[in-house]
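So this block is work15.cif, mmCIF, C-alpha atoms (C1' of nucleotides); chains and numbers go by the auth columns:
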data_run
loop_
_atom_site.group_PDB
_atom_site.id
_atom_site.type_symbol
_atom_site.label_atom_id
_atom_site.label_comp_id
_atom_site.label_asym_id
_atom_site.label_seq_id
_atom_site.Cartn_x
_atom_site.Cartn_y
_atom_site.Cartn_z
_atom_site.B_iso_or_equiv
_atom_site.auth_seq_id
_atom_site.auth_asym_id
ATOM 1 C CA MET A 1 -1.990 90.635 119.995 0.00 727 A
ATOM 2 C CA SER A 2 -2.217 91.402 123.652 0.00 728 A
ATOM 3 C CA ARG A 3 -2.780 87.706 124.269 0.00 729 A
ATOM 4 C CA ILE A 4 0.614 87.013 122.729 0.00 730 A
ATOM 5 C CA LEU A 5 2.142 89.616 125.022 0.00 731 A
ATOM 6 C CA GLN A 6 0.538 87.988 128.062 0.00 732 A
ATOM 7 C CA LYS A 7 1.792 84.566 127.063 0.00 733 A
ATOM 8 C CA LEU A 8 5.332 85.711 126.210 0.00 734 A
ATOM 9 C CA MET A 9 5.636 87.587 129.485 0.00 735 A
ATOM 10 C CA ALA A 10 4.272 84.643 131.452 0.00 736 A
ATOM 11 C CA MET A 11 6.832 82.359 129.805 0.00 737 A
ATOM 12 C CA TYR A 12 9.558 84.902 130.498 0.00 738 A
ATOM 13 C CA GLU A 13 8.634 85.167 134.160 0.00 739 A
ATOM 14 C CA ALA A 14 8.621 81.379 134.472 0.00 740 A
ATOM 15 C CA MET A 15 12.107 81.100 132.938 0.00 741 A
ATOM 16 C CA ARG A 16 13.457 83.959 135.003 0.00 742 A
ATOM 17 C CA LYS A 17 12.017 82.513 138.190 0.00 743 A
ATOM 18 C CA HIS A 18 13.784 79.244 137.400 0.00 744 A
ATOM 19 C CA PHE A 19 17.167 80.554 136.258 0.00 745 A
ATOM 20 C CA GLY A 20 17.337 83.932 137.940 0.00 746 A
ATOM 21 C CA HIS A 21 18.531 87.026 136.085 0.00 747 A
ATOM 22 C CA ARG A 22 20.702 85.769 133.220 0.00 748 A
ATOM 23 C CA ALA A 23 21.318 89.019 131.335 0.00 749 A
ATOM 24 C CA TRP A 24 24.617 88.731 129.574 0.00 750 A
ATOM 25 C CA TRP A 25 27.403 91.284 129.769 0.00 751 A
ATOM 26 C CA PRO A 26 26.349 93.386 132.769 0.00 752 A
ATOM 27 C CA SER A 27 28.178 96.704 133.151 0.00 753 A
ATOM 28 C CA GLN A 28 30.316 95.246 135.970 0.00 754 A
ATOM 29 C CA ASP A 29 31.943 93.095 133.282 0.00 755 A
ATOM 30 C CA GLY A 30 32.949 96.236 131.473 0.00 756 A
ATOM 31 C CA ALA A 31 30.402 95.923 128.705 0.00 757 A
ATOM 32 C CA ASP A 32 30.114 99.699 128.679 0.00 758 A
ATOM 33 C CA THR A 33 33.822 100.210 127.984 0.00 759 A
ATOM 34 C CA PRO A 34 35.218 100.263 124.423 0.00 760 A
ATOM 35 C CA GLU A 35 37.242 97.115 125.161 0.00 761 A
ATOM 36 C CA GLY A 36 34.119 95.399 126.453 0.00 762 A
ATOM 37 C CA LYS A 37 32.102 96.382 123.395 0.00 763 A
ATOM 38 C CA LEU A 38 34.805 95.064 121.087 0.00 764 A
ATOM 39 C CA GLU A 39 34.993 91.816 122.998 0.00 765 A
ATOM 40 C CA ILE A 40 31.230 91.348 122.703 0.00 766 A
ATOM 41 C CA CYS A 41 31.374 91.929 118.943 0.00 767 A
ATOM 42 C CA LEU A 42 34.261 89.513 118.456 0.00 768 A
ATOM 43 C CA GLY A 43 32.512 87.009 120.707 0.00 769 A
ATOM 44 C CA ALA A 44 29.331 87.309 118.653 0.00 770 A
ATOM 45 C CA ILE A 45 31.272 86.173 115.590 0.00 771 A
ATOM 46 C CA LEU A 46 33.260 83.491 117.394 0.00 772 A
ATOM 47 C CA THR A 47 30.174 81.941 118.949 0.00 773 A
ATOM 48 C CA GLN A 48 28.495 81.187 115.629 0.00 774 A
ATOM 49 C CA ASN A 49 27.406 77.550 115.918 0.00 775 A
ATOM 50 C CA THR A 50 29.847 77.213 118.800 0.00 776 A
ATOM 51 C CA SER A 51 29.498 76.923 122.579 0.00 777 A
ATOM 52 C CA TRP A 52 30.453 79.978 124.606 0.00 778 A
ATOM 53 C CA ARG A 53 32.955 77.985 126.659 0.00 779 A
ATOM 54 C CA ASN A 54 35.107 77.534 123.582 0.00 780 A
ATOM 55 C CA VAL A 55 34.710 81.184 122.628 0.00 781 A
ATOM 56 C CA GLU A 56 36.097 82.238 126.009 0.00 782 A
ATOM 57 C CA ALA A 57 39.219 80.173 125.393 0.00 783 A
ATOM 58 C CA ALA A 58 39.725 81.928 122.056 0.00 784 A
ATOM 59 C CA LEU A 59 39.203 85.374 123.598 0.00 785 A
ATOM 60 C CA ASP A 60 41.608 84.458 126.403 0.00 786 A
ATOM 61 C CA ASN A 61 44.230 83.530 123.814 0.00 787 A
ATOM 62 C CA LEU A 62 43.776 86.876 122.056 0.00 788 A
ATOM 63 C CA ARG A 63 44.014 88.755 125.346 0.00 789 A
ATOM 64 C CA ALA A 64 47.074 86.800 126.507 0.00 790 A
ATOM 65 C CA ALA A 65 48.783 87.502 123.191 0.00 791 A
ATOM 66 C CA GLY A 66 47.951 91.189 123.566 0.00 792 A
ATOM 67 C CA ARG A 67 46.118 91.171 120.222 0.00 793 A
ATOM 68 C CA LEU A 68 42.605 91.912 121.451 0.00 794 A
ATOM 69 C CA SER A 69 42.259 95.122 119.473 0.00 795 A
ATOM 70 C CA LEU A 70 40.840 96.222 116.141 0.00 796 A
ATOM 71 C CA THR A 71 44.214 97.340 114.815 0.00 797 A
ATOM 72 C CA ASP A 72 45.965 94.105 115.750 0.00 798 A
ATOM 73 C CA ILE A 73 43.247 91.927 114.265 0.00 799 A
ATOM 74 C CA ASP A 74 43.167 94.050 111.142 0.00 800 A
ATOM 75 C CA ALA A 75 46.940 93.829 110.719 0.00 801 A
ATOM 76 C CA MET A 76 47.537 90.223 111.758 0.00 802 A
ATOM 77 C CA PRO A 77 48.106 87.521 109.160 0.00 803 A
ATOM 78 C CA PRO A 78 44.993 85.324 108.987 0.00 804 A
ATOM 79 C CA GLU A 79 47.012 82.183 109.748 0.00 805 A
ATOM 80 C CA GLN A 80 48.320 83.679 112.968 0.00 806 A
ATOM 81 C CA LEU A 81 44.873 84.870 114.031 0.00 807 A
ATOM 82 C CA ALA A 82 43.426 81.455 113.201 0.00 808 A
ATOM 83 C CA GLU A 83 45.922 79.790 115.506 0.00 809 A
ATOM 84 C CA LEU A 84 44.898 82.051 118.414 0.00 810 A
ATOM 85 C CA ILE A 85 41.182 81.430 117.986 0.00 811 A
ATOM 86 C CA ARG A 86 41.558 77.707 117.270 0.00 812 A
ATOM 87 C CA PRO A 87 39.542 76.593 120.349 0.00 813 A
ATOM 88 C CA ALA A 88 36.420 78.286 118.946 0.00 814 A
ATOM 89 C CA GLY A 89 36.352 76.037 115.905 0.00 815 A
ATOM 90 C CA TYR A 90 35.910 77.047 112.247 0.00 816 A
ATOM 91 C CA PHE A 91 39.117 78.979 112.918 0.00 817 A
ATOM 92 C CA ASN A 92 40.066 79.624 109.299 0.00 818 A
ATOM 93 C CA VAL A 93 36.619 80.958 108.429 0.00 819 A
ATOM 94 C CA LYS A 94 36.328 82.952 111.641 0.00 820 A
ATOM 95 C CA ALA A 95 39.805 84.472 111.329 0.00 821 A
ATOM 96 C CA ARG A 96 38.696 85.924 108.015 0.00 822 A
ATOM 97 C CA ARG A 97 35.406 87.077 109.530 0.00 823 A
ATOM 98 C CA LEU A 98 37.117 88.818 112.451 0.00 824 A
ATOM 99 C CA LYS A 99 39.479 90.542 110.044 0.00 825 A
ATOM 100 C CA ASP A 100 36.604 91.608 107.794 0.00 826 A
ATOM 101 C CA PHE A 101 34.793 93.001 110.814 0.00 827 A
ATOM 102 C CA ALA A 102 37.869 94.860 112.076 0.00 828 A
ATOM 103 C CA ALA A 103 38.563 96.312 108.635 0.00 829 A
ATOM 104 C CA ALA A 104 34.967 97.451 108.183 0.00 830 A
ATOM 105 C CA VAL A 105 34.804 99.149 111.574 0.00 831 A
ATOM 106 C CA ARG A 106 38.137 100.865 111.028 0.00 832 A
ATOM 107 C CA ALA A 107 37.056 102.077 107.604 0.00 833 A
ATOM 108 C CA ALA A 108 33.861 103.526 109.029 0.00 834 A
ATOM 109 C CA ALA A 109 34.995 104.816 112.412 0.00 835 A
ATOM 110 C CA GLY A 110 38.736 104.399 112.768 0.00 836 A
ATOM 111 C CA ASP A 111 39.549 102.470 115.934 0.00 837 A
ATOM 112 C CA ASP A 112 36.528 103.850 117.745 0.00 838 A
ATOM 113 C CA VAL A 113 34.287 100.809 118.276 0.00 839 A
ATOM 114 C CA ALA A 114 31.990 102.708 120.596 0.00 840 A
ATOM 115 C CA GLY A 115 31.625 105.419 117.957 0.00 841 A
ATOM 116 C CA PHE A 116 30.843 102.842 115.313 0.00 842 A
ATOM 117 C CA LEU A 117 28.125 101.367 117.507 0.00 843 A
ATOM 118 C CA ASP A 118 26.738 104.761 118.484 0.00 844 A
ATOM 119 C CA ARG A 119 24.107 105.286 115.843 0.00 845 A
ATOM 120 C CA PRO A 120 20.420 104.405 115.435 0.00 846 A
ATOM 121 C CA ALA A 121 19.773 100.665 115.630 0.00 847 A
ATOM 122 C CA GLU A 122 18.313 100.476 112.121 0.00 848 A
ATOM 123 C CA THR A 123 21.277 102.232 110.517 0.00 849 A
ATOM 124 C CA LEU A 124 23.755 100.203 112.541 0.00 850 A
ATOM 125 C CA ARG A 125 21.989 96.988 111.530 0.00 851 A
ATOM 126 C CA GLU A 126 22.367 97.736 107.822 0.00 852 A
ATOM 127 C CA GLU A 127 26.003 98.642 108.372 0.00 853 A
ATOM 128 C CA LEU A 128 26.675 95.383 110.217 0.00 854 A
ATOM 129 C CA LEU A 129 24.814 93.185 107.738 0.00 855 A
ATOM 130 C CA ALA A 130 26.982 94.597 104.955 0.00 856 A
ATOM 131 C CA ILE A 131 30.012 92.992 106.626 0.00 857 A
ATOM 132 C CA ARG A 132 30.755 89.510 105.366 0.00 858 A
ATOM 133 C CA GLY A 133 30.457 87.059 108.224 0.00 859 A
ATOM 134 C CA VAL A 134 27.852 89.099 110.077 0.00 860 A
ATOM 135 C CA GLY A 135 24.410 87.604 109.533 0.00 861 A
ATOM 136 C CA LEU A 136 21.051 88.421 111.089 0.00 862 A
ATOM 137 C CA GLU A 137 21.627 86.855 114.485 0.00 863 A
ATOM 138 C CA THR A 138 25.179 88.131 114.857 0.00 864 A
ATOM 139 C CA ALA A 139 24.151 91.671 113.886 0.00 865 A
ATOM 140 C CA ASP A 140 21.277 91.699 116.370 0.00 866 A
ATOM 141 C CA SER A 141 23.528 90.323 119.112 0.00 867 A
ATOM 142 C CA MET A 142 26.021 93.125 118.535 0.00 868 A
ATOM 143 C CA ILE A 143 23.260 95.757 118.543 0.00 869 A
ATOM 144 C CA LEU A 144 21.579 94.467 121.698 0.00 870 A
ATOM 145 C CA TYR A 145 24.595 93.412 123.756 0.00 871 A
ATOM 146 C CA ALA A 146 27.418 95.649 122.547 0.00 872 A
ATOM 147 C CA ALA A 147 25.563 98.784 121.439 0.00 873 A
ATOM 148 C CA GLY A 148 22.878 98.420 124.113 0.00 874 A
ATOM 149 C CA LYS A 149 20.140 99.304 121.650 0.00 875 A
ATOM 150 C CA PRO A 150 16.821 97.528 121.101 0.00 876 A
ATOM 151 C CA SER A 151 17.032 94.714 118.538 0.00 877 A
ATOM 152 C CA PHE A 152 15.597 91.374 119.562 0.00 878 A
ATOM 153 C CA VAL A 153 17.928 88.436 118.942 0.00 879 A
ATOM 154 C CA VAL A 154 16.410 85.341 117.364 0.00 880 A
ATOM 155 C CA ASP A 155 18.428 82.129 117.412 0.00 881 A
ATOM 156 C CA ALA A 156 17.938 78.404 116.919 0.00 882 A
ATOM 157 C CA TYR A 157 16.719 78.008 120.507 0.00 883 A
ATOM 158 C CA THR A 158 14.137 80.762 120.027 0.00 884 A
ATOM 159 C CA PHE A 159 12.795 79.040 116.910 0.00 885 A
ATOM 160 C CA ARG A 160 12.683 75.639 118.576 0.00 886 A
ATOM 161 C CA ILE A 161 10.967 76.817 121.758 0.00 887 A
ATOM 162 C CA LEU A 162 8.382 78.935 119.946 0.00 888 A
ATOM 163 C CA VAL A 163 7.572 76.192 117.445 0.00 889 A
ATOM 164 C CA ARG A 164 7.131 73.628 120.195 0.00 890 A
ATOM 165 C CA HIS A 165 4.865 76.039 122.040 0.00 891 A
ATOM 166 C CA GLY A 166 2.765 76.731 118.956 0.00 892 A
ATOM 167 C CA LEU A 167 3.579 80.436 118.819 0.00 893 A
ATOM 168 C CA ILE A 168 5.115 80.259 115.341 0.00 894 A
ATOM 169 C CA GLY A 169 5.216 77.789 112.461 0.00 895 A
ATOM 170 C CA PHE A 170 8.448 76.035 111.514 0.00 896 A
ATOM 171 C CA ASP A 171 8.363 77.833 108.155 0.00 897 A
ATOM 172 C CA ASP A 172 8.357 81.299 109.718 0.00 898 A
ATOM 173 C CA ASP A 173 11.496 83.253 108.856 0.00 899 A
ATOM 174 C CA TYR A 174 13.887 85.244 111.037 0.00 900 A
ATOM 175 C CA ALA A 175 12.256 88.603 110.354 0.00 901 A
ATOM 176 C CA SER A 176 8.752 87.486 111.278 0.00 902 A
ATOM 177 C CA VAL A 177 9.869 85.895 114.550 0.00 903 A
ATOM 178 C CA LYS A 178 11.869 89.005 115.404 0.00 904 A
ATOM 179 C CA ALA A 179 8.829 91.149 114.599 0.00 905 A
ATOM 180 C CA LEU A 180 6.623 88.996 116.821 0.00 906 A
ATOM 181 C CA PHE A 181 8.771 89.801 119.849 0.00 907 A
ATOM 182 C CA GLU A 182 9.439 93.424 118.990 0.00 908 A
ATOM 183 C CA SER A 183 5.801 94.252 118.279 0.00 909 A
ATOM 184 C CA SER A 184 4.526 92.437 121.366 0.00 910 A
ATOM 185 C CA LEU A 185 7.021 93.236 124.090 0.00 911 A
ATOM 186 C CA PRO A 186 7.599 96.650 125.643 0.00 912 A
ATOM 187 C CA ASP A 187 10.534 98.454 124.040 0.00 913 A
ATOM 188 C CA ASP A 188 12.992 97.659 126.831 0.00 914 A
ATOM 189 C CA VAL A 189 16.627 96.787 126.125 0.00 915 A
ATOM 190 C CA ALA A 190 17.158 95.174 129.534 0.00 916 A
ATOM 191 C CA LEU A 191 14.092 92.979 129.027 0.00 917 A
ATOM 192 C CA TRP A 192 15.115 91.879 125.515 0.00 918 A
ATOM 193 C CA ASN A 193 18.634 91.198 126.754 0.00 919 A
ATOM 194 C CA ASP A 194 17.490 88.941 129.570 0.00 920 A
ATOM 195 C CA PHE A 195 14.652 87.373 127.554 0.00 921 A
ATOM 196 C CA HIS A 196 17.042 86.094 124.903 0.00 922 A
ATOM 197 C CA ALA A 197 19.431 84.841 127.581 0.00 923 A
ATOM 198 C CA GLN A 198 16.562 82.979 129.273 0.00 924 A
ATOM 199 C CA LEU A 199 15.564 81.330 125.987 0.00 925 A
ATOM 200 C CA VAL A 200 19.146 80.204 125.416 0.00 926 A
ATOM 201 C CA GLU A 201 19.378 78.769 128.919 0.00 927 A
ATOM 202 C CA THR A 202 16.071 76.955 128.514 0.00 928 A
ATOM 203 C CA GLY A 203 17.116 75.624 125.124 0.00 929 A
ATOM 204 C CA LYS A 204 20.484 74.407 126.354 0.00 930 A
ATOM 205 C CA ARG A 205 19.183 72.756 129.475 0.00 931 A
ATOM 206 C CA PHE A 206 15.695 71.530 128.500 0.00 932 A
ATOM 207 C CA CYS A 207 14.412 72.269 124.991 0.00 933 A
ATOM 208 C CA LYS A 208 17.091 70.179 123.324 0.00 934 A
ATOM 209 C CA LYS A 209 17.176 69.270 119.698 0.00 935 A
ATOM 210 C CA ARG A 210 16.740 65.503 119.743 0.00 936 A
ATOM 211 C CA ARG A 211 15.634 64.576 123.222 0.00 937 A
ATOM 212 C CA PRO A 212 13.637 67.408 124.814 0.00 938 A
ATOM 213 C CA GLN A 213 13.616 67.179 128.605 0.00 939 A
ATOM 214 C CA CYS A 214 10.241 68.626 129.492 0.00 940 A
ATOM 215 C CA ASP A 215 10.490 67.275 133.039 0.00 941 A
ATOM 216 C CA GLY A 216 11.390 70.183 135.265 0.00 942 A
ATOM 217 C CA CYS A 217 11.450 72.708 132.408 0.00 943 A
ATOM 218 C CA PRO A 218 10.162 76.108 133.513 0.00 944 A
ATOM 219 C CA LEU A 219 7.972 76.138 130.384 0.00 945 A
ATOM 220 C CA GLU A 220 6.499 72.700 131.072 0.00 946 A
ATOM 221 C CA PRO A 221 3.248 74.191 132.480 0.00 947 A
ATOM 222 C CA PHE A 222 2.619 75.927 129.144 0.00 948 A
ATOM 223 C CA GLU A 223 0.879 74.210 126.271 0.00 949 A
ATOM 224 C CA HIS A 224 3.544 72.490 124.208 0.00 950 A
ATOM 225 C CA ASP A 225 4.416 69.645 121.853 0.00 951 A
ATOM 226 C CA PRO A 226 8.018 68.428 122.179 0.00 952 A
ATOM 227 C CA GLU A 227 7.745 66.604 118.857 0.00 953 A
ATOM 228 C CA ALA A 228 6.642 69.650 116.845 0.00 954 A
ATOM 229 C CA GLY A 229 8.845 70.303 113.836 0.00 955 A
ATOM 230 C CA MET A 230 11.405 67.791 115.107 0.00 956 A
ATOM 231 C CA GLU A 231 12.714 67.042 111.631 0.00 957 A
ATOM 232 C CA TYR A 232 13.361 70.708 110.891 0.00 958 A
ATOM 233 C CA LEU A 233 14.819 71.872 114.187 0.00 959 A
ATOM 234 C "C1'" DA B 1 28.053 59.838 118.389 0.00 83 B
ATOM 235 C "C1'" DT B 2 25.956 64.524 119.005 0.00 84 B
ATOM 236 C "C1'" DC B 3 25.690 69.331 119.550 0.00 85 B
ATOM 237 C "C1'" DC B 4 27.267 74.025 120.217 0.00 86 B
ATOM 238 C "C1'" DT B 5 23.898 81.543 121.322 0.00 87 B
ATOM 239 C "C1'" DG B 6 25.516 80.572 111.986 0.00 88 B
ATOM 240 C "C1'" DA B 7 26.788 82.293 107.720 0.00 89 B
ATOM 241 C "C1'" DG B 8 28.612 82.151 102.969 0.00 90 B
ATOM 242 C "C1'" DC B 9 29.137 79.800 98.903 0.00 91 B
ATOM 243 C "C1'" DG B 10 27.962 76.868 94.725 0.00 92 B
ATOM 244 C "C1'" DC C 1 18.436 74.462 98.644 0.00 708 C
ATOM 245 C "C1'" DG C 2 22.523 71.489 100.425 0.00 709 C
ATOM 246 C "C1'" DC C 3 27.191 71.661 101.707 0.00 710 C
ATOM 247 C "C1'" DT C 4 31.181 73.317 104.315 0.00 711 C
ATOM 248 C "C1'" DC C 5 33.770 74.851 108.171 0.00 712 C
ATOM 249 C "C1'" DG C 6 35.989 72.384 113.484 0.00 713 C
ATOM 250 C "C1'" DG C 7 37.672 72.091 118.196 0.00 714 C
ATOM 251 C "C1'" DG C 8 35.773 70.945 122.646 0.00 715 C
ATOM 252 C "C1'" DA C 9 32.485 69.054 126.003 0.00 716 C
ATOM 253 C "C1'" DT C 10 29.174 65.432 127.116 0.00 717 C
#
Please rewrite the model in this file as C-alpha cells.
Amino acid sequence: MSRILQKLMAMYEAMRKHFGHRAWWPSQDGADTPEGKLEICLGAILTQNTSWRNVEAALDNLRAAGRLSLTDIDAMPPEQLAELIRPAGYFNVKARRLKDFAAAVRAAAGDDVAGFLDRPAETLREELLAIRGVGLETADSMILYAAGKPSFVVDAYTFRILVRHGLIGFDDDYASVKALFESSLPDDVALWNDFHAQLVETGKRFCKKRRPQCDGCPLEPFEHDPEAGMEYL
DNA sequence: ATCCTGAGCG
DNA sequence: CGCTCGGGAT
C-alpha cells in the first residue's frame, strides 16, 4: 500500500524532472473563468481519440465564428456545428455530443457553467456520466481540469504505462485503476492534474503503442516490460 | 500506414 | 464483445 505510493511518487518525480511542470490549463490561461471552464469541457469531448493539436483548431474555429458559448452550441444546427469542428475529426458524432452537453448543462444550471461544475465531485460525476457522449475519462477530465476538484483521470496511456510497469494487469478496469491512484496518492488536485499530464507526455513521447522507445524514457530506470500486454494495448 | 488525452450502439 | 466515427500529423 505504502510501497505503491512510494513507487508512484518516484515515477512521478522522474517524469516531472524530465518534462518539467506540465499541468494543463493553469489559471493564467483563464481556466478559472467561466469561458475557460467551458472551453475545457468542450475540449474534453473534442479530444476523444483525437490529438490536442486538432482540437485547438476546432476550438479556434468556434471562437472565430463567435459561437463558443453554451447557448450558441445548444441552438446551432448540428450540420453547422459539425463544419466548425471538422478538424477534430468524428465531427458528426462530436457535434451531437457537444449539443447534448450544452443542453444538459443549460437544463441543470442555465448558462452558468461554473455553477454547474460547482458541486461535490461525486455528484458532479454522476451528473456528467448521465450525458450521452461523456464517458468515464471525459467526466473525470472535466471534474479535474474544469471544476478543479479531485478525480484522477485514467486514459489509454495510464493503462499502458502501468501494465508495462507491472502495477496493474491488462484486465483491470477503469474504476480499479482510478482507485489505485486515488487511494495511494495524497488528495491533491494540483498533483493529480500534473501527474496525469506527465503520464500523457510519457505515453506520447516514449511509451508508444507499437514501438515503445524505452531509450531515454524517464521511467526507463524502473522495472518494466515493454512487451507486456502488447496485443491488448 | 499508423495513431491520436473514447464512447455509443448493435 | 466488435464495429463505427474522421481529419490531421508523422
Worksheet item: So which residues touch DC708 (chain C) within 12 Å, counting only C-alpha atoms (C1' of nucleotides), skipping near sequence neighbours fewer than 2 positions away, as number ranges by chain?
Response: B: 91-92; C: 710
Discussion item. Only residues of chain C matter here; which ones have an atom within 8 Å of chain A, counting all atoms listed in the file? Give them as a VMD selection string.
Written reply: chain C and resid 712 to 715
Export of prior selection with C-alpha atoms (C1' of nucleotides) as a tab-separated table (two decimals), in the coordinates of the input:
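What follows is the written file selection-v4.tsv:
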chain	number	residue	atom	x	y	z
C	712	DC	C1'	33.77	74.85	108.17
C	713	DG	C1'	35.99	72.38	113.48
C	714	DG	C1'	37.67	72.09	118.20
C	715	DG	C1'	35.77	70.94	122.65
Discussion item. Set the cut-off to 7 Å and count all atoms listed in the file: what are the residues of chain B that reach chain A? Output as a ChimeraX atom specification.
Written reply: /B:86-89
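Going from CA of Asp920 (chain A) over to CA of Ala749 (chain A), you cover 4.2 Å.
The space between CA of Ala847 (chain A) and CA of Gly874 (chain A) spans 9.3 Å.
CA of Gly756 (chain A) lies 25.3 Å from CA of Leu855 (chain A).
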Discussion item. Taking (30.4, 94.0, 119.2) in the coordinates of the supplied file, I want to know which residues reach to within 12 Å of it, counting all atoms listed in the file; could you give the answer as number ranges by chain?
Written reply: A: 751, 757-772, 795-796, 824, 827-828, 831, 838-844, 850-851, 854, 860, 864-875
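Distance annotation: of A:Leu785, A:Arg937, A:His891, A:Leu810, the residue with the minimal separation from DT84 (chain B) is A:Arg937; atom set is all atoms listed in the file.
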Worksheet item: What lies within 9 Å of region 946-953 of chain A using all atoms listed in the file, ignoring chain neighbours under 5 positions off, as a PyMOL selection string?
Response: chain A and resi 733+737+887+889-892+933+937-941
Worksheet entry | Polymer residues at most 10 Å from Glu739 (chain A), only C-alpha atoms (C1' of nucleotides), same-chain spacing of 4 or more positions, as a ChimeraX atom specification | /A:733-735,743-746,921,924,944-945
Please, can region 898-910 of chain A be completed to N, CA and C atoms and returned as a PDB file, in the frame of the given file?
ATOM      1  N   ASP A 898       8.206  79.855 109.504  1.00  0.00           N
ATOM      2  CA  ASP A 898       8.357  81.299 109.718  1.00  0.00           C
ATOM      3  C   ASP A 898       9.833  81.685 109.612  1.00  0.00           C
ATOM      4  N   ASP A 899      10.102  82.845 109.031  1.00  0.00           N
ATOM      5  CA  ASP A 899      11.496  83.253 108.856  1.00  0.00           C
ATOM      6  C   ASP A 899      11.969  84.140 110.010  1.00  0.00           C
ATOM      7  N   TYR A 900      13.260  84.463 109.967  1.00  0.00           N
ATOM      8  CA  TYR A 900      13.887  85.244 111.037  1.00  0.00           C
ATOM      9  C   TYR A 900      13.146  86.558 111.286  1.00  0.00           C
ATOM     10  N   ALA A 901      12.863  87.281 110.210  1.00  0.00           N
ATOM     11  CA  ALA A 901      12.256  88.603 110.354  1.00  0.00           C
ATOM     12  C   ALA A 901      10.889  88.550 111.021  1.00  0.00           C
ATOM     13  N   SER A 902      10.096  87.541 110.703  1.00  0.00           N
ATOM     14  CA  SER A 902       8.752  87.486 111.278  1.00  0.00           C
ATOM     15  C   SER A 902       8.796  87.123 112.762  1.00  0.00           C
ATOM     16  N   VAL A 903       9.741  86.256 113.134  1.00  0.00           N
ATOM     17  CA  VAL A 903       9.869  85.895 114.550  1.00  0.00           C
ATOM     18  C   VAL A 903      10.366  87.098 115.343  1.00  0.00           C
ATOM     19  N   LYS A 904      11.357  87.783 114.770  1.00  0.00           N
ATOM     20  CA  LYS A 904      11.869  89.005 115.404  1.00  0.00           C
ATOM     21  C   LYS A 904      10.741  90.020 115.586  1.00  0.00           C
ATOM     22  N   ALA A 905       9.928  90.175 114.552  1.00  0.00           N
ATOM     23  CA  ALA A 905       8.829  91.149 114.599  1.00  0.00           C
ATOM     24  C   ALA A 905       7.783  90.763 115.635  1.00  0.00           C
ATOM     25  N   LEU A 906       7.584  89.457 115.817  1.00  0.00           N
ATOM     26  CA  LEU A 906       6.623  88.996 116.821  1.00  0.00           C
ATOM     27  C   LEU A 906       7.014  89.504 118.201  1.00  0.00           C
ATOM     28  N   PHE A 907       8.289  89.334 118.550  1.00  0.00           N
ATOM     29  CA  PHE A 907       8.771  89.801 119.849  1.00  0.00           C
ATOM     30  C   PHE A 907       8.740  91.322 119.937  1.00  0.00           C
ATOM     31  N   GLU A 908       9.278  91.973 118.917  1.00  0.00           N
ATOM     32  CA  GLU A 908       9.439  93.424 118.990  1.00  0.00           C
ATOM     33  C   GLU A 908       8.107  94.166 118.983  1.00  0.00           C
ATOM     34  N   SER A 909       7.096  93.576 118.330  1.00  0.00           N
ATOM     35  CA  SER A 909       5.801  94.252 118.279  1.00  0.00           C
ATOM     36  C   SER A 909       4.947  93.920 119.495  1.00  0.00           C
ATOM     37  N   SER A 910       5.318  92.834 120.198  1.00  0.00           N
ATOM     38  CA  SER A 910       4.526  92.437 121.366  1.00  0.00           C
ATOM     39  C   SER A 910       5.081  92.990 122.665  1.00  0.00           C
TER      40      SER A 910
END
